[in-house]
$ cat run_7.csv   # CSV, C-alpha atoms
chain,number,residue,atom,x,y,z
A,1,MET,CA,27.3,-17.3,27.9
A,2,ILE,CA,25.3,-14.3,26.9
A,3,LYS,CA,22.3,-16.4,26.1
A,4,ARG,CA,22.6,-18.1,29.5
A,5,ILE,CA,22.7,-14.7,31.3
A,6,ARG,CA,19.7,-13.6,29.3
A,7,ALA,CA,17.9,-16.8,30.2
A,8,VAL,CA,18.7,-16.3,33.9
A,9,THR,CA,17.6,-12.7,33.8
A,10,LEU,CA,14.3,-13.6,32.2
A,11,CYS,CA,13.6,-16.2,34.9
A,12,VAL,CA,14.3,-13.7,37.6
A,13,LEU,CA,12.0,-11.2,36.0
A,14,LEU,CA,9.2,-13.8,35.7
A,15,ALA,CA,9.7,-14.8,39.3
A,16,LEU,CA,9.5,-11.1,40.5
A,17,THR,CA,6.4,-10.7,38.4
A,18,ALA,CA,4.8,-13.7,40.0
A,19,LEU,CA,5.6,-12.4,43.5
A,20,THR,CA,4.2,-8.9,42.8
A,21,THR,CA,1.1,-10.0,41.0
A,22,PRO,CA,-1.9,-9.2,43.3
A,23,ALA,CA,-4.4,-11.8,44.2
A,24,PHE,CA,-7.1,-10.2,42.1
A,25,ALA,CA,-5.2,-10.5,38.8
A,26,THR,CA,-7.3,-13.3,37.5
A,27,GLY,CA,-10.1,-13.4,34.9
A,28,PRO,CA,-13.8,-13.6,35.6
A,29,VAL,CA,-15.1,-16.5,37.6
A,30,SER,CA,-18.6,-17.9,36.7
A,31,TRP,CA,-20.8,-20.2,38.6
A,32,THR,CA,-24.5,-21.2,38.8
A,33,VAL,CA,-26.7,-21.3,41.9
A,34,GLU,CA,-29.8,-23.5,42.0
A,35,PRO,CA,-32.6,-21.9,44.1
A,36,PRO,CA,-34.0,-24.3,46.8
A,37,ARG,CA,-37.2,-26.0,45.7
A,38,GLY,CA,-37.0,-24.4,42.3
A,39,ARG,CA,-39.4,-21.6,43.3
A,40,ILE,CA,-40.0,-18.7,45.7
A,41,ASP,CA,-43.3,-18.2,47.4
A,42,PRO,CA,-44.8,-15.3,49.4
A,43,VAL,CA,-44.0,-15.3,53.1
A,44,PRO,CA,-46.9,-17.0,55.0
A,45,GLY,CA,-48.9,-14.9,57.3
A,46,THR,CA,-49.8,-11.3,57.4
A,47,PRO,CA,-47.0,-9.1,55.9
A,48,ALA,CA,-45.7,-6.6,58.3
A,49,SER,CA,-43.9,-4.3,55.9
A,50,ALA,CA,-45.5,-1.6,53.7
A,51,ALA,CA,-45.2,-4.0,50.7
A,52,PRO,CA,-44.8,-7.8,51.2
A,53,LEU,CA,-41.3,-9.1,50.5
A,54,SER,CA,-40.2,-12.8,50.3
A,55,ILE,CA,-36.5,-13.4,50.7
A,56,GLU,CA,-34.6,-16.5,49.8
A,57,GLU,CA,-30.8,-16.4,50.5
A,58,LEU,CA,-28.7,-18.6,48.3
A,59,PRO,CA,-25.4,-20.3,49.3
A,60,ALA,CA,-22.3,-18.0,49.4
A,61,ARG,CA,-19.5,-18.8,47.0
A,62,GLN,CA,-15.9,-18.8,48.3
A,63,LEU,CA,-13.4,-17.5,45.6
A,64,GLU,CA,-9.7,-17.9,45.3
A,65,SER,CA,-9.1,-14.2,44.5
A,66,GLU,CA,-10.8,-10.9,45.3
A,67,VAL,CA,-13.6,-9.5,43.2
A,68,ASP,CA,-15.6,-6.3,43.4
A,69,THR,CA,-18.1,-6.6,40.5
A,70,VAL,CA,-20.7,-9.3,39.8
A,71,ARG,CA,-23.1,-9.9,37.0
A,72,ALA,CA,-26.3,-11.8,37.8
A,73,GLU,CA,-28.3,-13.5,35.0
A,74,HIS,CA,-31.8,-15.0,35.2
A,75,ASP,CA,-34.9,-15.1,33.1
A,76,VAL,CA,-37.7,-14.5,35.6
A,77,PRO,CA,-39.6,-11.2,35.2
A,78,GLY,CA,-40.5,-9.5,38.4
A,79,LEU,CA,-37.8,-11.3,40.4
A,80,ALA,CA,-35.0,-9.2,42.0
A,81,VAL,CA,-31.5,-10.5,42.9
A,82,ASP,CA,-29.5,-8.9,45.6
A,83,LEU,CA,-25.7,-9.3,46.0
A,84,ARG,CA,-23.3,-8.8,48.8
A,85,GLY,CA,-19.7,-9.6,49.8
A,86,GLN,CA,-18.0,-10.6,53.0
A,87,ARG,CA,-15.2,-8.4,54.4
A,88,PRO,CA,-11.9,-9.9,55.8
A,89,ASP,CA,-13.1,-9.3,59.4
A,90,GLY,CA,-16.3,-11.4,58.8
A,91,ARG,CA,-18.6,-8.4,58.3
A,92,TRP,CA,-20.9,-8.4,55.3
A,93,THR,CA,-21.3,-5.5,53.0
A,94,GLU,CA,-24.8,-4.1,52.4
A,95,TRP,CA,-27.0,-5.9,49.9
A,96,VAL,CA,-27.1,-4.3,46.4
A,97,GLU,CA,-29.8,-5.0,43.9
A,98,ALA,CA,-28.5,-6.3,40.6
A,99,VAL,CA,-29.9,-5.4,37.2
A,100,PRO,CA,-30.0,-8.7,35.2
A,101,GLY,CA,-27.2,-9.0,32.8
A,102,ALA,CA,-25.5,-5.7,33.9
A,103,PRO,CA,-22.3,-5.3,36.1
A,104,THR,CA,-23.1,-4.6,39.7
A,105,ALA,CA,-20.4,-3.0,41.9
A,106,LEU,CA,-20.1,-4.4,45.4
A,107,PRO,CA,-19.5,-2.0,48.3
A,108,GLY,CA,-16.0,-3.5,48.7
A,109,ALA,CA,-13.6,-6.2,47.4
A,110,THR,CA,-14.3,-9.7,48.7
A,111,ARG,CA,-13.5,-13.3,48.3
A,112,SER,CA,-17.0,-14.4,49.3
A,113,VAL,CA,-20.0,-13.5,47.3
A,114,GLN,CA,-23.7,-14.3,48.2
A,115,ALA,CA,-26.9,-13.7,46.3
A,116,ARG,CA,-30.5,-13.7,47.4
A,117,LEU,CA,-33.8,-13.8,45.6
A,118,VAL,CA,-36.4,-11.2,46.4
A,119,LEU,CA,-40.1,-11.6,45.5
A,120,THR,CA,-42.4,-8.6,45.8
A,121,GLY,CA,-46.1,-9.3,45.7
A,122,PRO,CA,-48.6,-12.0,46.8
A,123,VAL,CA,-48.0,-14.6,44.0
A,124,GLY,CA,-45.2,-17.2,43.9
A,125,MET,CA,-43.2,-18.2,40.9
A,126,ALA,CA,-40.9,-20.9,39.6
A,127,VAL,CA,-37.2,-19.9,39.5
A,128,GLY,CA,-34.5,-21.6,37.5
A,129,PRO,CA,-30.7,-21.4,37.9
A,130,VAL,CA,-29.2,-18.0,38.6
A,131,GLY,CA,-25.9,-17.4,36.8
A,132,LEU,CA,-23.2,-15.3,38.5
A,133,THR,CA,-20.0,-14.0,37.1
A,134,ALA,CA,-17.5,-12.1,39.3
A,135,TRP,CA,-14.3,-10.2,38.6
A,136,ARG,CA,-12.1,-7.4,39.9
A,137,ALA,CA,-12.7,-4.1,38.2
A,138,GLY,CA,-10.7,-1.9,40.6
A,139,VAL,CA,-13.7,-0.2,42.2
A,140,GLU,CA,-12.6,2.0,45.1
A,141,VAL,CA,-15.0,2.1,48.0
A,142,ALA,CA,-14.4,3.8,51.3
A,143,ASP,CA,-14.9,1.7,54.4
A,144,PRO,CA,-15.3,4.0,57.3
A,145,THR,CA,-14.4,2.8,60.8
A,146,LEU,CA,-17.1,5.0,62.5
A,147,ALA,CA,-20.6,3.8,62.1
A,148,ALA,CA,-23.3,6.3,60.9
A,149,THR,CA,-25.6,7.6,63.6
A,150,TYR,CA,-28.7,9.7,63.0
A,151,ARG,CA,-31.6,11.1,64.9
A,152,VAL,CA,-34.9,9.7,63.5
A,153,PHE,CA,-38.5,9.3,64.5
A,154,ALA,CA,-39.4,5.9,65.8
A,155,THR,CA,-42.8,4.2,65.7
A,156,ARG,CA,-44.0,1.0,67.3
A,157,GLU,CA,-44.6,-1.8,64.8
A,158,GLY,CA,-46.8,-4.1,66.8
A,159,LEU,CA,-48.5,-6.6,64.3
A,160,VAL,CA,-48.0,-9.6,66.7
A,161,GLY,CA,-48.7,-12.8,64.8
A,162,GLY,CA,-47.7,-11.2,61.4
A,163,THR,CA,-44.6,-12.1,59.4
A,164,THR,CA,-41.7,-9.8,58.7
A,165,ALA,CA,-39.9,-9.4,55.4
A,166,ASN,CA,-37.3,-12.0,56.3
A,167,GLY,CA,-39.9,-14.6,57.3
A,168,HIS,CA,-39.8,-14.1,61.1
A,169,LYS,CA,-43.2,-14.6,62.8
A,170,ILE,CA,-43.7,-11.7,65.2
A,171,VAL,CA,-44.3,-12.7,68.9
A,172,GLN,CA,-45.4,-10.8,72.0
A,173,ARG,CA,-42.8,-8.3,73.1
A,174,ASP,CA,-40.5,-9.1,70.2
A,175,HIS,CA,-37.1,-7.6,69.7
A,176,PHE,CA,-36.1,-6.3,66.2
A,177,VAL,CA,-36.4,-3.2,64.1
A,178,ALA,CA,-37.6,-2.3,60.6
A,179,LEU,CA,-35.7,0.1,58.2
A,180,PRO,CA,-37.1,1.4,54.9
A,181,SER,CA,-34.7,-0.4,52.6
A,182,ARG,CA,-33.7,-4.0,52.3
A,183,ARG,CA,-30.1,-3.1,51.8
A,184,GLY,CA,-29.7,-3.6,55.6
A,185,LEU,CA,-32.2,-6.5,56.0
A,186,ALA,CA,-30.8,-9.5,57.9
A,187,GLY,CA,-31.9,-13.0,57.2
A,188,LYS,CA,-34.2,-14.9,59.5
A,189,GLY,CA,-32.5,-15.7,62.8
A,190,GLN,CA,-29.5,-13.6,61.8
A,191,GLY,CA,-28.1,-10.3,63.1
A,192,ASN,CA,-25.4,-9.3,60.6
A,193,TYR,CA,-27.4,-6.1,60.1
A,194,SER,CA,-28.2,-4.7,63.5
A,195,VAL,CA,-28.7,-1.2,65.0
A,196,LYS,CA,-28.0,0.4,68.2
A,197,VAL,CA,-31.1,2.5,69.0
A,198,CYS,CA,-31.1,4.9,72.0
A,199,THR,CA,-33.5,7.3,73.6
A,200,ALA,CA,-33.0,11.0,72.9
A,201,ASP,CA,-31.2,11.5,76.2
A,202,HIS,CA,-29.1,8.3,75.7
A,203,ALA,CA,-30.4,7.0,79.1
A,204,ARG,CA,-31.4,3.6,77.5
A,205,CYS,CA,-30.3,1.7,74.4
A,206,GLU,CA,-31.1,-1.5,72.7
A,207,TRP,CA,-29.0,-3.4,70.1
A,208,ALA,CA,-31.4,-5.2,67.8
A,209,PRO,CA,-31.4,-7.0,64.4
A,210,VAL,CA,-33.1,-5.5,61.3
A,211,TRP,CA,-35.7,-8.1,60.4
A,212,ASP,CA,-38.3,-6.0,58.5
A,213,VAL,CA,-38.6,-3.4,55.8
A,214,GLY,CA,-40.5,-0.1,56.5
A,215,PRO,CA,-42.0,2.1,57.7
A,216,TRP,CA,-43.6,3.9,54.7
A,217,ASN,CA,-40.9,3.3,52.1
A,218,ILE,CA,-39.0,0.1,51.1
A,219,LYS,CA,-36.3,1.7,49.0
A,220,ASP,CA,-35.0,4.5,51.2
A,221,ASP,CA,-31.4,3.8,52.3
A,222,TYR,CA,-31.1,7.2,54.0
A,223,TRP,CA,-28.1,6.1,56.1
A,224,SER,CA,-25.9,5.4,53.0
A,225,VAL,CA,-23.1,7.6,51.8
A,226,GLU,CA,-24.6,7.5,48.4
A,227,ARG,CA,-28.3,6.7,48.7
A,228,LEU,CA,-29.7,4.6,45.9
A,229,SER,CA,-33.1,6.3,46.2
A,230,TRP,CA,-34.1,9.9,46.8
A,231,GLY,CA,-30.5,11.0,46.0
A,232,GLU,CA,-31.6,14.7,46.2
A,233,LEU,CA,-32.1,14.3,50.0
A,234,PRO,CA,-29.1,14.7,52.4
A,235,ARG,CA,-27.7,11.6,54.1
A,236,GLY,CA,-29.5,10.8,57.3
A,237,LEU,CA,-32.8,12.3,56.4
A,238,PRO,CA,-35.5,9.7,55.8
A,239,GLN,CA,-37.8,10.5,52.9
A,240,ALA,CA,-40.9,10.1,55.1
A,241,GLN,CA,-39.5,12.8,57.4
A,242,ALA,CA,-38.8,15.1,54.4
A,243,ALA,CA,-42.3,14.4,53.1
A,244,TYR,CA,-43.9,15.1,56.5
A,245,GLU,CA,-41.9,18.1,57.4
A,246,HIS,CA,-41.1,19.7,54.1
A,247,GLY,CA,-43.6,18.4,51.6
A,248,HIS,CA,-41.1,16.3,49.7
A,249,ASN,CA,-42.7,14.3,46.8
A,250,GLY,CA,-45.9,16.2,47.5
A,251,GLY,CA,-45.9,14.9,51.1
A,252,LYS,CA,-46.2,11.3,49.9
A,253,ASP,CA,-44.1,8.2,50.1
A,254,GLN,CA,-42.9,6.0,47.2
A,255,PHE,CA,-46.4,4.4,47.0
A,256,GLY,CA,-48.2,7.7,46.8
A,257,ARG,CA,-49.6,7.5,50.3
A,258,LYS,CA,-49.9,10.7,52.3
A,259,VAL,CA,-47.2,10.5,55.0
A,260,ALA,CA,-48.8,10.8,58.4
A,261,ASN,CA,-45.6,10.9,60.6
A,262,PRO,CA,-41.9,11.3,60.0
A,263,ALA,CA,-40.9,7.8,60.9
A,264,GLY,CA,-37.5,6.5,59.8
A,265,ILE,CA,-37.5,3.3,61.9
A,266,ASP,CA,-40.1,0.9,63.3
A,267,LEU,CA,-39.5,-0.8,66.7
A,268,ALA,CA,-40.9,-4.2,67.7
A,269,ASP,CA,-42.9,-4.1,70.9
A,270,GLY,CA,-40.1,-5.5,73.2
A,271,THR,CA,-37.6,-3.1,71.8
A,272,PHE,CA,-40.1,-0.2,72.2
A,273,TRP,CA,-41.5,-1.0,75.7
A,274,ASP,CA,-38.7,-3.0,77.4
A,275,GLY,CA,-35.5,-2.0,75.7
A,276,LEU,CA,-36.1,1.8,75.5
A,277,LYS,CA,-39.0,2.0,78.0
A,278,LEU,CA,-40.9,4.2,75.5
A,279,LYS,CA,-44.6,5.0,76.0
A,280,ASN,CA,-45.2,6.9,72.8
A,281,ASN,CA,-43.6,7.2,69.4
A,282,ALA,CA,-40.5,9.3,69.9
A,283,TRP,CA,-37.3,10.7,68.4
A,284,VAL,CA,-34.3,8.3,68.9
A,285,ASN,CA,-30.7,8.1,68.0
A,286,VAL,CA,-29.9,5.1,65.7
A,287,THR,CA,-26.4,3.7,64.9
A,288,TYR,CA,-26.3,1.4,61.8
A,289,GLN,CA,-23.8,-1.0,63.2
A,290,TRP,CA,-22.7,-2.6,59.9
A,291,THR,CA,-21.6,0.8,58.4
A,292,GLY,CA,-18.6,1.0,60.7
A,293,GLY,CA,-15.7,-1.2,61.8
A,294,GLY,CA,-13.8,-2.5,64.8
A,295,PRO,CA,-14.3,-5.3,67.3
A,296,TRP,CA,-17.6,-7.1,67.3
A,297,GLY,CA,-19.6,-10.1,68.4
A,298,THR,CA,-23.0,-11.7,68.3
A,299,VAL,CA,-25.4,-12.1,71.2
A,300,THR,CA,-26.3,-15.8,71.8
A,301,SER,CA,-28.4,-15.5,74.9
A,302,LEU,CA,-31.7,-17.4,74.8
A,303,ASP,CA,-33.5,-14.2,75.6
A,304,SER,CA,-32.5,-10.5,75.4
A,305,LEU,CA,-29.3,-9.8,77.3
A,306,ASN,CA,-29.2,-7.1,80.0
A,307,VAL,CA,-27.1,-4.1,79.4
A,308,ARG,CA,-25.7,-2.7,82.8
A,309,THR,CA,-23.8,0.3,83.9
A,310,GLY,CA,-20.8,-1.8,85.0
A,311,PRO,CA,-19.3,-5.3,84.8
A,312,ASN,CA,-21.5,-6.8,87.4
A,313,SER,CA,-25.0,-8.3,87.3
A,314,GLY,CA,-25.9,-6.1,90.3
A,315,GLU,CA,-25.4,-2.9,88.4
A,316,ARG,CA,-28.4,-1.0,87.1
A,317,GLN,CA,-29.9,-2.2,83.9
A,318,VAL,CA,-29.9,0.5,81.2
A,319,GLY,CA,-31.0,-1.4,78.1
A,320,LEU,CA,-31.0,-4.7,76.2
A,321,ALA,CA,-29.0,-6.5,73.5
A,322,ALA,CA,-31.4,-8.7,71.6
A,323,ARG,CA,-30.7,-12.3,70.8
A,324,HIS,CA,-28.9,-12.6,67.4
A,325,ALA,CA,-27.9,-8.9,67.5
A,326,GLN,CA,-24.5,-8.0,66.2
A,327,ILE,CA,-22.8,-5.7,68.6
A,328,ARG,CA,-19.8,-3.3,68.3
A,329,ILE,CA,-17.5,-3.6,71.3
A,330,ASP,CA,-15.3,-0.7,72.7
A,331,CYS,CA,-13.2,-2.8,75.1
A,332,PHE,CA,-13.4,-5.5,77.7
A,333,ALA,CA,-13.1,-5.3,81.5
A,334,ALA,CA,-12.8,-8.0,84.2
A,335,GLY,CA,-15.9,-8.3,86.4
A,336,GLU,CA,-18.3,-10.8,87.9
A,337,SER,CA,-17.8,-14.4,86.7
A,338,VAL,CA,-21.0,-15.4,84.9
A,339,PRO,CA,-22.1,-18.8,83.3
A,340,GLY,CA,-23.8,-18.5,79.9
A,341,THR,CA,-24.2,-19.8,76.4
A,342,GLU,CA,-20.5,-19.2,75.6
A,343,GLY,CA,-19.3,-20.8,78.8
A,344,THR,CA,-18.3,-19.2,82.1
A,345,SER,CA,-16.5,-15.8,81.8
A,346,ASP,CA,-15.5,-12.9,84.0
A,347,ARG,CA,-15.1,-10.7,80.9
A,348,TRP,CA,-17.6,-7.9,80.3
A,349,TYR,CA,-17.8,-6.0,77.1
A,350,ARG,CA,-18.3,-2.2,77.0
A,351,LEU,CA,-20.7,-1.3,74.2
A,352,ALA,CA,-20.9,2.4,75.1
A,353,GLU,CA,-19.9,4.7,78.0
A,354,GLY,CA,-21.5,3.2,81.1
A,355,MET,CA,-23.1,0.2,79.1
A,356,TYR,CA,-21.7,-3.3,79.6
A,357,VAL,CA,-22.8,-6.9,78.7
A,358,SER,CA,-21.5,-10.2,80.0
A,359,GLY,CA,-19.1,-11.9,77.7
A,360,ALA,CA,-20.6,-15.2,78.7
A,361,TYR,CA,-23.4,-14.5,76.2
A,362,VAL,CA,-21.5,-13.1,73.3
A,363,ARG,CA,-19.8,-15.1,70.5
A,364,LEU,CA,-16.8,-13.0,69.8
A,365,ALA,CA,-15.7,-12.5,66.2
A,366,GLN,CA,-13.0,-9.8,66.5
A,367,PRO,CA,-11.4,-9.4,69.9
A,368,PRO,CA,-11.5,-6.0,71.6
A,369,PRO,CA,-8.7,-4.3,73.6
A,370,PRO,CA,-8.8,-4.0,77.4
A,371,CYS,CA,-10.6,-1.0,78.8

$ encode --input "run_7.csv" --output "structure tokens"
Amino acid sequence: MIKRIRAVTLCVLLALTALTTPAFATGPVSWTVEPPRGRIDPVPGTPASAAPLSIEELPARQLESEVDTVRAEHDVPGLAVDLRGQRPDGRWTEWVEAVPGAPTALPGATRSVQARLVLTGPVGMAVGPVGLTAWRAGVEVADPTLAATYRVFATREGLVGGTTANGHKIVQRDHFVALPSRRGLAGKGQGNYSVKVCTADHARCEWAPVWDVGPWNIKDDYWSVERLSWGELPRGLPQAQAAYEHGHNGGKDQFGRKVANPAGIDLADGTFWDGLKLKNNAWVNVTYQWTGGGPWGTVTSLDSLNVRTGPNSGERQVGLAARHAQIRIDCFAAGESVPGTEGTSDRWYRLAEGMYVSGAYVRLAQPPPPC
């Protein structure tokens, strides 16, 4: 009888252990990714960034349990591998460069891991399989709900006919931005890294994807809580601005060039002229949309979407939301019924105080509350 009681007790304890064991209590998971075409080549056309970059995103891997650390292994000198994870609400973490063979902590726990290959320079190279191993190491990372916003100097990129770091060919009056770090670089035709950029008086704003790297530097993630480069500078201060205004690094950028302006963001011509109505390079307020949380969606209009002061197409236009841009949504309001790429809808999404877009052109990922 005693043996039977002990056996039942043991079964109960084992059952309780199984119930309380977290989803990440599994060992490392390894897999191999075969790069498309077995090589990576320079982006065709004139490079738009300070140094040419070629990006090749590899397929994401769905895992059965959460991981927060990944080790990437390959044998190609001069090739960089970036890693990121997808959050439960569909947002992606920033890309983090992996040191081959060393553990790389992701900016948050995830069940979906993606890698990309990065080629710097004008010469292509053959690339073999990339080995990835992921596990849960218990890395604690804060995930703020409020996105970071900083006042930075904006310059017009221009370079029509050139090619951005993600392979996009620049067209007349294009809509995108460049930031001086590929941690927030979206893929071609994607907007999972987008910014809200507004004039100094907040009279006009544009939501635009990050499709290029620059100006000046290419490893200056100045918006990050813990910046990977120039860690001695405060968060929100671009290195180019510190060099221009305070003589940081002898007044030079990471390439040793004398910094001629304090730019922390480049704007494509359409963003510069049509979205913000700028006539000259100027100080702007930039919100790095992926650094925060909350309801969001993606603009699917065939052209840039008008931002208006109210939920009606007759209201005054006060900015644009570029195609592919990922937008943060405050709330929704009923308004004029509009036909669009997402069907006919009378819902309008408020992106900021006095700034609305029609829901008929927004693919919703996380529903917002009513206004």

$ closest_atom_pairs --input "run_7.csv" --of "region 239-282 of chain A" --to "region 174-191 of chain A" --cutoff "8 Å" --atoms "all atoms listed in the file" --output "tab-separated table"
residue	atom	partner	partner_atom	distance
A:Gly264	CA	A:Leu179	CA	6.8
A:Ile265	CA	A:Leu179	CA	5.2
A:Asp266	CA	A:Ala178	CA	4.9
A:Leu267	CA	A:Val177	CA	4.7
A:Ala268	CA	A:Phe176	CA	5.4
A:Asp269	CA	A:Asp174	CA	5.6
A:Gly270	CA	A:Asp174	CA	4.7
A:Thr271	CA	A:His175	CA	5.0

$ atom_distance --input "run_7.csv" --atom1 "CA of Ala365 (chain A)" --atom2 "CA of Asp346 (chain A)"
17.8 Å

$ closest_residue --input "run_7.csv" --among "A:Gly90, A:Pro238, A:Gly310, A:Gly319" --to "Arg347 (chain A)" --atoms "all atoms listed in the file"
A:Gly310

$ atom_distance --input "run_7.csv" --atom1 "CA of Val195 (chain A)" --atom2 "CA of Lys279 (chain A)"
20.3 Å

$ closest_atom_pairs --input "run_7.csv" --of "region 211-293 of chain A" --to "region 122-146 of chain A" --cutoff "8 Å" --atoms "all atoms listed in the file" --output "Markdown table"
| residue | atom | partner | partner_atom | distance |
| --- | --- | --- | --- | --- |
| A:Thr291 | CA | A:Pro144 | CA | 7.2 |
| A:Gly292 | CA | A:Thr145 | CA | 4.6 |
| A:Gly293 | CA | A:Thr145 | CA | 4.3 |

$ residues_around --input "run_7.csv" --residues "region 91-98 of chain A" --least-positions-apart "4" --cutoff "9 Å" --atoms "all atoms listed in the file" --output "list in words"
Val70, Arg71, Ala72, Ala80, Val81, Asp82, Leu83, Arg84, Gly85, Gln86, Arg87, Ala102, Pro103, Thr104, Ala105, Leu106, Pro107, Gly108, Ala115, Arg116, Arg182, Arg183, Gly184, Leu185, Asn192, Tyr193, Trp290, Thr291 and Gly293 of chain A

$ decode --input "run_7.csv" --residues "region 243-250 of chain A" --atoms "all heavy atoms" --output "PDB file, in the first residue's frame"
ATOM      1  N   ALA A 243      30.507  64.965 -34.262  1.00  0.00           N
ATOM      2  CA  ALA A 243      31.743  65.332 -34.956  1.00  0.00           C
ATOM      3  C   ALA A 243      31.676  66.752 -35.479  1.00  0.00           C
ATOM      4  O   ALA A 243      32.637  67.526 -35.365  1.00  0.00           O
ATOM      5  CB  ALA A 243      32.005  64.348 -36.099  1.00  0.00           C
ATOM      6  N   TYR A 244      30.538  67.120 -36.055  1.00  0.00           N
ATOM      7  CA  TYR A 244      30.368  68.443 -36.665  1.00  0.00           C
ATOM      8  C   TYR A 244      30.313  69.551 -35.615  1.00  0.00           C
ATOM      9  O   TYR A 244      30.924  70.610 -35.771  1.00  0.00           O
ATOM     10  CB  TYR A 244      29.091  68.450 -37.501  1.00  0.00           C
ATOM     11  CG  TYR A 244      28.825  69.744 -38.237  1.00  0.00           C
ATOM     12  CD1 TYR A 244      29.484  70.040 -39.428  1.00  0.00           C
ATOM     13  CD2 TYR A 244      27.904  70.671 -37.746  1.00  0.00           C
ATOM     14  CE1 TYR A 244      29.238  71.222 -40.113  1.00  0.00           C
ATOM     15  CE2 TYR A 244      27.643  71.849 -38.417  1.00  0.00           C
ATOM     16  CZ  TYR A 244      28.316  72.125 -39.594  1.00  0.00           C
ATOM     17  OH  TYR A 244      28.073  73.299 -40.265  1.00  0.00           O
ATOM     18  N   GLU A 245      29.584  69.284 -34.531  1.00  0.00           N
ATOM     19  CA  GLU A 245      29.369  70.329 -33.530  1.00  0.00           C
ATOM     20  C   GLU A 245      30.413  70.354 -32.426  1.00  0.00           C
ATOM     21  O   GLU A 245      30.719  71.414 -31.870  1.00  0.00           O
ATOM     22  CB  GLU A 245      27.983  70.162 -32.902  1.00  0.00           C
ATOM     23  CG  GLU A 245      26.831  70.370 -33.876  1.00  0.00           C
ATOM     24  CD  GLU A 245      25.472  70.197 -33.221  1.00  0.00           C
ATOM     25  OE1 GLU A 245      25.416  69.583 -32.120  1.00  0.00           O
ATOM     26  OE2 GLU A 245      24.469  70.653 -33.797  1.00  0.00           O
ATOM     27  N   HIS A 246      30.974  69.170 -32.094  1.00  0.00           N
ATOM     28  CA  HIS A 246      31.852  69.095 -30.926  1.00  0.00           C
ATOM     29  C   HIS A 246      33.232  68.510 -31.233  1.00  0.00           C
ATOM     30  O   HIS A 246      34.034  68.320 -30.312  1.00  0.00           O
ATOM     31  CB  HIS A 246      31.190  68.257 -29.826  1.00  0.00           C
ATOM     32  CG  HIS A 246      29.776  68.677 -29.517  1.00  0.00           C
ATOM     33  ND1 HIS A 246      29.463  69.927 -29.013  1.00  0.00           N
ATOM     34  CD2 HIS A 246      28.590  68.006 -29.650  1.00  0.00           C
ATOM     35  CE1 HIS A 246      28.153  70.013 -28.836  1.00  0.00           C
ATOM     36  NE2 HIS A 246      27.600  68.873 -29.230  1.00  0.00           N
ATOM     37  N   GLY A 247      33.499  68.207 -32.503  1.00  0.00           N
ATOM     38  CA  GLY A 247      34.810  67.689 -32.862  1.00  0.00           C
ATOM     39  C   GLY A 247      35.042  66.248 -32.466  1.00  0.00           C
ATOM     40  O   GLY A 247      36.193  65.797 -32.372  1.00  0.00           O
ATOM     41  N   HIS A 248      33.986  65.492 -32.226  1.00  0.00           N
ATOM     42  CA  HIS A 248      34.139  64.083 -31.865  1.00  0.00           C
ATOM     43  C   HIS A 248      34.892  63.328 -32.956  1.00  0.00           C
ATOM     44  O   HIS A 248      34.690  63.554 -34.144  1.00  0.00           O
ATOM     45  CB  HIS A 248      32.762  63.451 -31.659  1.00  0.00           C
ATOM     46  CG  HIS A 248      32.813  62.002 -31.271  1.00  0.00           C
ATOM     47  ND1 HIS A 248      32.733  60.981 -32.186  1.00  0.00           N
ATOM     48  CD2 HIS A 248      32.964  61.408 -30.056  1.00  0.00           C
ATOM     49  CE1 HIS A 248      32.807  59.816 -31.562  1.00  0.00           C
ATOM     50  NE2 HIS A 248      32.944  60.045 -30.270  1.00  0.00           N
ATOM     51  N   ASN A 249      35.763  62.438 -32.553  1.00  0.00           N
ATOM     52  CA  ASN A 249      36.591  61.656 -33.480  1.00  0.00           C
ATOM     53  C   ASN A 249      37.378  62.560 -34.423  1.00  0.00           C
ATOM     54  O   ASN A 249      37.569  62.246 -35.598  1.00  0.00           O
ATOM     55  CB  ASN A 249      35.709  60.693 -34.299  1.00  0.00           C
ATOM     56  CG  ASN A 249      36.503  59.616 -35.016  1.00  0.00           C
ATOM     57  OD1 ASN A 249      37.455  59.068 -34.470  1.00  0.00           O
ATOM     58  ND2 ASN A 249      36.126  59.307 -36.246  1.00  0.00           N
ATOM     59  N   GLY A 250      37.831  63.697 -33.872  1.00  0.00           N
ATOM     60  CA  GLY A 250      38.594  64.637 -34.688  1.00  0.00           C
ATOM     61  C   GLY A 250      37.758  65.311 -35.757  1.00  0.00           C
ATOM     62  O   GLY A 250      38.308  65.803 -36.753  1.00  0.00           O
TER      63      GLY A 250
END
